[in-house]
$ cat input00.cif   # mmCIF, C-alpha atoms
data_query
#
loop_
_atom_site.label_atom_id
_atom_site.label_comp_id
_atom_site.auth_asym_id
_atom_site.auth_seq_id
_atom_site.Cartn_x
_atom_site.Cartn_y
_atom_site.Cartn_z
CA MET A 1 -16.37 31.26 -0.98
CA LYS A 2 -14.04 28.35 -1.58
CA THR A 3 -13.37 27.44 -5.20
CA GLU A 4 -12.72 23.75 -5.76
CA ILE A 5 -10.21 22.82 -8.43
CA ASN A 6 -11.33 19.94 -10.62
CA HIS A 7 -8.68 17.27 -10.06
CA MET A 8 -10.55 14.52 -11.89
CA GLN A 9 -12.39 13.88 -15.14
CA ILE A 10 -14.55 10.83 -15.79
CA HIS A 11 -15.66 9.68 -19.22
CA ILE A 12 -18.01 6.82 -20.02
CA ASN A 13 -18.11 5.86 -23.67
CA ASN A 14 -16.13 9.08 -24.39
CA GLN A 15 -18.80 11.29 -22.75
CA GLU A 16 -17.83 13.25 -19.65
CA ILE A 17 -19.89 12.54 -16.53
CA HIS A 18 -19.93 13.93 -13.01
CA SER A 19 -18.40 11.89 -10.17
CA SER A 20 -21.83 11.67 -8.53
CA ASP A 21 -23.04 9.62 -11.54
CA ILE A 22 -20.71 6.68 -10.87
CA LEU A 23 -20.10 4.37 -7.94
CA TYR A 24 -17.52 1.80 -6.94
CA ASP A 25 -18.90 -0.94 -4.71
CA GLU A 26 -16.27 -3.47 -3.70
CA HIS A 27 -18.96 -5.99 -2.76
CA PHE A 28 -20.32 -6.10 -6.33
CA TYR A 29 -17.08 -5.45 -8.20
CA LYS A 30 -16.73 -7.84 -11.18
CA GLU A 31 -20.34 -9.01 -10.72
CA TYR A 32 -22.20 -7.94 -13.82
CA ILE A 33 -25.99 -7.60 -13.93
CA GLU A 34 -27.47 -9.46 -16.89
CA GLY A 35 -29.14 -7.27 -19.49
CA LYS A 36 -27.69 -3.95 -18.26
CA GLU A 37 -25.61 -1.75 -20.57
CA ILE A 38 -21.79 -2.01 -20.21
CA ARG A 39 -19.51 0.78 -21.43
CA PRO A 40 -15.79 1.58 -21.20
CA PHE A 41 -14.81 4.32 -18.78
CA GLU A 42 -11.69 6.38 -18.27
CA ILE A 43 -10.80 8.42 -15.21
CA ASN A 44 -8.06 11.05 -15.34
CA ILE A 45 -6.76 12.33 -12.01
CA ASP A 46 -4.26 15.15 -11.53
CA LEU A 47 -0.94 13.52 -10.55
CA ASN A 48 -0.09 16.04 -7.81
CA ASP A 49 -3.50 15.63 -6.20
CA PHE A 50 -3.24 11.85 -6.48
CA ASN A 51 0.23 11.83 -4.91
CA GLU A 52 -0.90 14.03 -2.05
CA LYS A 53 -3.96 11.91 -1.23
CA ILE A 54 -2.90 8.40 -2.19
CA LYS A 55 0.86 8.03 -1.72
CA PRO A 56 0.69 8.09 2.11
CA LYS A 57 -2.12 5.51 2.05
CA TYR A 58 -0.15 3.25 -0.28
CA GLN A 59 2.97 3.51 1.86
CA GLU A 60 0.89 2.61 4.92
CA LEU A 61 -0.52 -0.43 3.08
CA LEU A 62 3.00 -1.63 2.23
CA ARG A 63 4.12 -1.19 5.86
CA GLU A 64 1.13 -3.24 7.04
CA LEU A 65 1.72 -6.03 4.51
CA ILE A 66 5.42 -6.25 5.41
CA GLU A 67 4.67 -6.20 9.16
CA ASP A 68 2.09 -8.97 8.71
CA ASP A 69 4.61 -11.02 6.71
CA GLU A 70 7.25 -10.60 9.42
CA LYS A 71 4.77 -11.70 12.11
CA VAL A 72 3.88 -14.94 10.32
CA GLY A 73 7.32 -15.52 8.81
CA GLU A 74 6.16 -15.73 5.19
CA ASN A 75 5.14 -13.52 2.29
CA TYR A 76 1.48 -14.46 2.44
CA ALA A 77 0.19 -11.63 0.25
CA LEU A 78 2.86 -12.15 -2.40
CA GLU A 79 1.92 -15.81 -2.70
CA LEU A 80 -1.34 -14.65 -4.31
CA PHE A 81 0.60 -13.57 -7.41
CA GLU A 82 2.51 -15.57 -9.98
CA THR A 83 5.33 -13.22 -10.88
CA LEU A 84 5.69 -10.70 -8.04
CA THR A 85 8.77 -11.36 -5.91
CA GLU A 86 8.39 -8.20 -3.83
CA TYR A 87 5.64 -5.74 -3.14
CA PRO A 88 5.35 -3.08 -5.83
CA SER A 89 6.68 0.33 -4.83
CA TYR A 90 4.52 3.39 -5.30
CA GLU A 91 6.55 4.19 -8.43
CA ASP A 92 5.97 0.64 -9.74
CA ILE A 93 2.24 1.18 -9.37
CA LEU A 94 2.26 4.55 -11.11
CA ASN A 95 4.49 3.69 -14.05
CA THR A 96 5.07 1.05 -16.66
CA THR A 97 7.73 -1.04 -14.94
CA LYS A 98 8.87 -4.61 -14.58
CA ILE A 99 5.37 -5.51 -13.36
CA SER A 100 2.91 -6.52 -16.05
CA MET A 101 -0.40 -4.66 -16.20
CA LYS A 102 -2.20 -7.86 -15.19
CA GLU A 103 -0.04 -8.28 -12.07
CA LYS A 104 -0.38 -4.60 -11.23
CA MET A 105 -4.16 -4.73 -11.56
CA ASP A 106 -4.41 -7.98 -9.57
CA PHE A 107 -2.40 -6.39 -6.75
CA LEU A 108 -4.42 -3.16 -6.83
CA ASP A 109 -7.75 -5.04 -7.03
CA THR A 110 -6.78 -7.17 -4.04
CA PHE A 111 -5.31 -4.51 -1.80
CA PHE A 112 -5.79 -0.94 -2.89
CA ILE A 113 -8.27 -0.01 -5.62
CA SER A 114 -11.07 0.54 -3.09
CA GLN A 115 -8.91 3.10 -1.25
CA ILE A 116 -8.44 5.08 -4.45
CA PHE A 117 -12.14 5.09 -5.29
CA LYS A 118 -13.17 5.88 -1.71
CA GLU A 119 -11.00 8.96 -1.97
CA TYR A 120 -12.33 10.06 -5.35
CA LEU A 121 -15.84 8.64 -5.79
CA TRP A 122 -17.54 7.81 -2.48
CA TYR A 123 -18.95 11.16 -1.49
CA GLU A 124 -22.12 13.15 -2.02
CA HIS A 125 -23.93 10.13 -3.53
CA THR A 126 -27.63 9.58 -3.31
CA VAL A 127 -29.14 6.50 -4.89
CA LYS A 128 -31.21 8.59 -7.32
CA GLU A 129 -28.11 10.26 -8.77
CA ILE A 130 -26.05 7.17 -9.50
CA HIS A 131 -26.30 5.93 -13.08
CA TRP A 132 -23.19 3.73 -13.41
CA THR A 133 -21.13 1.37 -11.29
CA ILE A 134 -17.51 0.40 -11.89
CA LYS A 135 -17.32 -3.32 -12.62
CA GLU A 136 -13.74 -3.87 -13.76
CA ILE A 137 -10.42 -2.02 -13.84
CA ILE A 138 -8.14 -3.09 -16.66
CA TYR A 139 -5.58 -0.27 -16.80
CA PHE A 140 -3.86 1.97 -14.26
CA ASN A 141 -0.83 4.09 -15.14
CA ARG A 142 0.71 7.54 -15.01
CA ASN A 143 0.80 9.55 -18.22
CA ASP A 144 2.71 12.84 -17.82
CA ASP A 145 0.86 14.76 -15.09
CA LYS A 146 -2.22 12.49 -14.95
CA ILE A 147 -3.17 9.13 -13.48
CA ILE A 148 -5.21 7.17 -16.02
CA ILE A 149 -7.63 4.47 -14.87
CA LYS A 150 -9.59 2.51 -17.48
CA GLY A 151 -12.14 -0.23 -17.23
CA ASN A 152 -15.78 -1.13 -17.67
CA ALA A 153 -18.82 0.39 -16.03
CA GLN A 154 -22.37 -0.91 -16.06
CA ARG A 155 -25.56 1.14 -16.08
CA ILE A 156 -27.53 0.56 -12.90
CA ASN A 157 -30.66 2.63 -13.51
#
$ encode --input "input00.cif" --output "structure tokens"
Amino acid sequence: MKTEINHMQIHINNQEIHSSDILYDEHFYKEYIEGKEIRPFEINIDLNDFNEKIKPKYQELLRELIEDDEKVGENYALELFETLTEYPSYEDILNTTKISMKEKMDFLDTFFISQIFKEYLWYEHTVKEIHWTIKEIIYFNRNDDKIIIKGNAQRIN
């Protein structure tokens, strides 16, 4: 029998929940439902697990953005941001660097946050189980051996 190591913890309003209780839906991200409860959430992911699963995907994203820029002869994706002069490296995304949290989150929201949540949240869901949906990410950083993601979730049932 295979034993699965818990690489992630999710808390809503400081109460731990199971990953099957929360959903990320990129089509309804940032669209709040009037009258439904909103609470802060925090996700902690083991850094080694995150690096193993996400770093190759991030590096592939950067290659694709740079290739697209070279094809059209401009930095199209970078023009979406006020202060970014180059695409953030993987280390820039993980750590507090020269990129402000707002710029980091704008970049991740635009290009990569769905990849992270598809890896960690989009499995084994049935509609009856889901109680919360992620509506906004406001913080993403490495802290020692954990990736910390913070934001707001809204109750959906």
$ residues_near_point --input "input00.cif" --point "(-4.9, -0.7, -14.0)" --cutoff "8 Å" --atoms "only C-alpha atoms" --output "count of residues only"
13
$ residues_near_point --input "input00.cif" --point "(-20.2, -1.3, -18.4)" --cutoff "12 Å" --atoms "only C-alpha atoms" --output "ChimeraX atom specification"
/A:11-13,22-23,29-42,131-137,150-156
$ write_last_selection --input "input00.cif" --atoms "C-alpha atoms" --output "mmCIF file, in the frame of the given file"
data_model
loop_
_atom_site.group_PDB
_atom_site.id
_atom_site.type_symbol
_atom_site.label_atom_id
_atom_site.label_comp_id
_atom_site.auth_asym_id
_atom_site.auth_seq_id
_atom_site.Cartn_x
_atom_site.Cartn_y
_atom_site.Cartn_z
ATOM 1 C CA HIS A 11 -15.660 9.680 -19.220
ATOM 2 C CA ILE A 12 -18.010 6.820 -20.020
ATOM 3 C CA ASN A 13 -18.110 5.860 -23.670
ATOM 4 C CA ILE A 22 -20.710 6.680 -10.870
ATOM 5 C CA LEU A 23 -20.100 4.370 -7.940
ATOM 6 C CA TYR A 29 -17.080 -5.450 -8.200
ATOM 7 C CA LYS A 30 -16.730 -7.840 -11.180
ATOM 8 C CA GLU A 31 -20.340 -9.010 -10.720
ATOM 9 C CA TYR A 32 -22.200 -7.940 -13.820
ATOM 10 C CA ILE A 33 -25.990 -7.600 -13.930
ATOM 11 C CA GLU A 34 -27.470 -9.460 -16.890
ATOM 12 C CA GLY A 35 -29.140 -7.270 -19.490
ATOM 13 C CA LYS A 36 -27.690 -3.950 -18.260
ATOM 14 C CA GLU A 37 -25.610 -1.750 -20.570
ATOM 15 C CA ILE A 38 -21.790 -2.010 -20.210
ATOM 16 C CA ARG A 39 -19.510 0.780 -21.430
ATOM 17 C CA PRO A 40 -15.790 1.580 -21.200
ATOM 18 C CA PHE A 41 -14.810 4.320 -18.780
ATOM 19 C CA GLU A 42 -11.690 6.380 -18.270
ATOM 20 C CA HIS A 131 -26.300 5.930 -13.080
ATOM 21 C CA TRP A 132 -23.190 3.730 -13.410
ATOM 22 C CA THR A 133 -21.130 1.370 -11.290
ATOM 23 C CA ILE A 134 -17.510 0.400 -11.890
ATOM 24 C CA LYS A 135 -17.320 -3.320 -12.620
ATOM 25 C CA GLU A 136 -13.740 -3.870 -13.760
ATOM 26 C CA ILE A 137 -10.420 -2.020 -13.840
ATOM 27 C CA LYS A 150 -9.590 2.510 -17.480
ATOM 28 C CA GLY A 151 -12.140 -0.230 -17.230
ATOM 29 C CA ASN A 152 -15.780 -1.130 -17.670
ATOM 30 C CA ALA A 153 -18.820 0.390 -16.030
ATOM 31 C CA GLN A 154 -22.370 -0.910 -16.060
ATOM 32 C CA ARG A 155 -25.560 1.140 -16.080
ATOM 33 C CA ILE A 156 -27.530 0.560 -12.900
#
$ closest_residue --input "input00.cif" --among "A:Asp49, A:Asp69, A:Leu121, A:Glu74" --to "Asp25 of chain A" --atoms "only C-alpha atoms"
A:Leu121
$ atom_distance --input "input00.cif" --atom1 "atom CA of Gln15 of chain A" --atom2 "atom CA of Ile148 of chain A"
15.7 Å
$ resolve_selection --input "input00.cif" --expression "the PyMOL selection byres ((chain A and resi 89-93) around 10)" --output "list in words"
Asn51, Ile54, Lys55, Pro56, Tyr58, Gln59, Leu62, Glu86, Tyr87, Pro88, Leu94, Asn95, Thr96, Thr97, Lys98, Ile99, Met101, Lys104, Met105, Phe107, Leu108, Phe140, Asn141 and Arg142 of chain A
$ atom_distance --input "input00.cif" --atom1 "atom CA of Glu103 of chain A" --atom2 "atom CA of Tyr76 of chain A"
15.8 Å
$ closest_residue --input "input00.cif" --among "A:Glu16, A:Tyr24, A:Phe50, A:Leu61" --to "Lys118 of chain A" --atoms "all atoms listed in the file"
A:Tyr24
$ resolve_selection --input "input00.cif" --expression "the PyMOL selection byres ((chain A and resi 44) around 8)" --output "ChimeraX atom specification"
/A:8-10,42-43,45-46,146-149
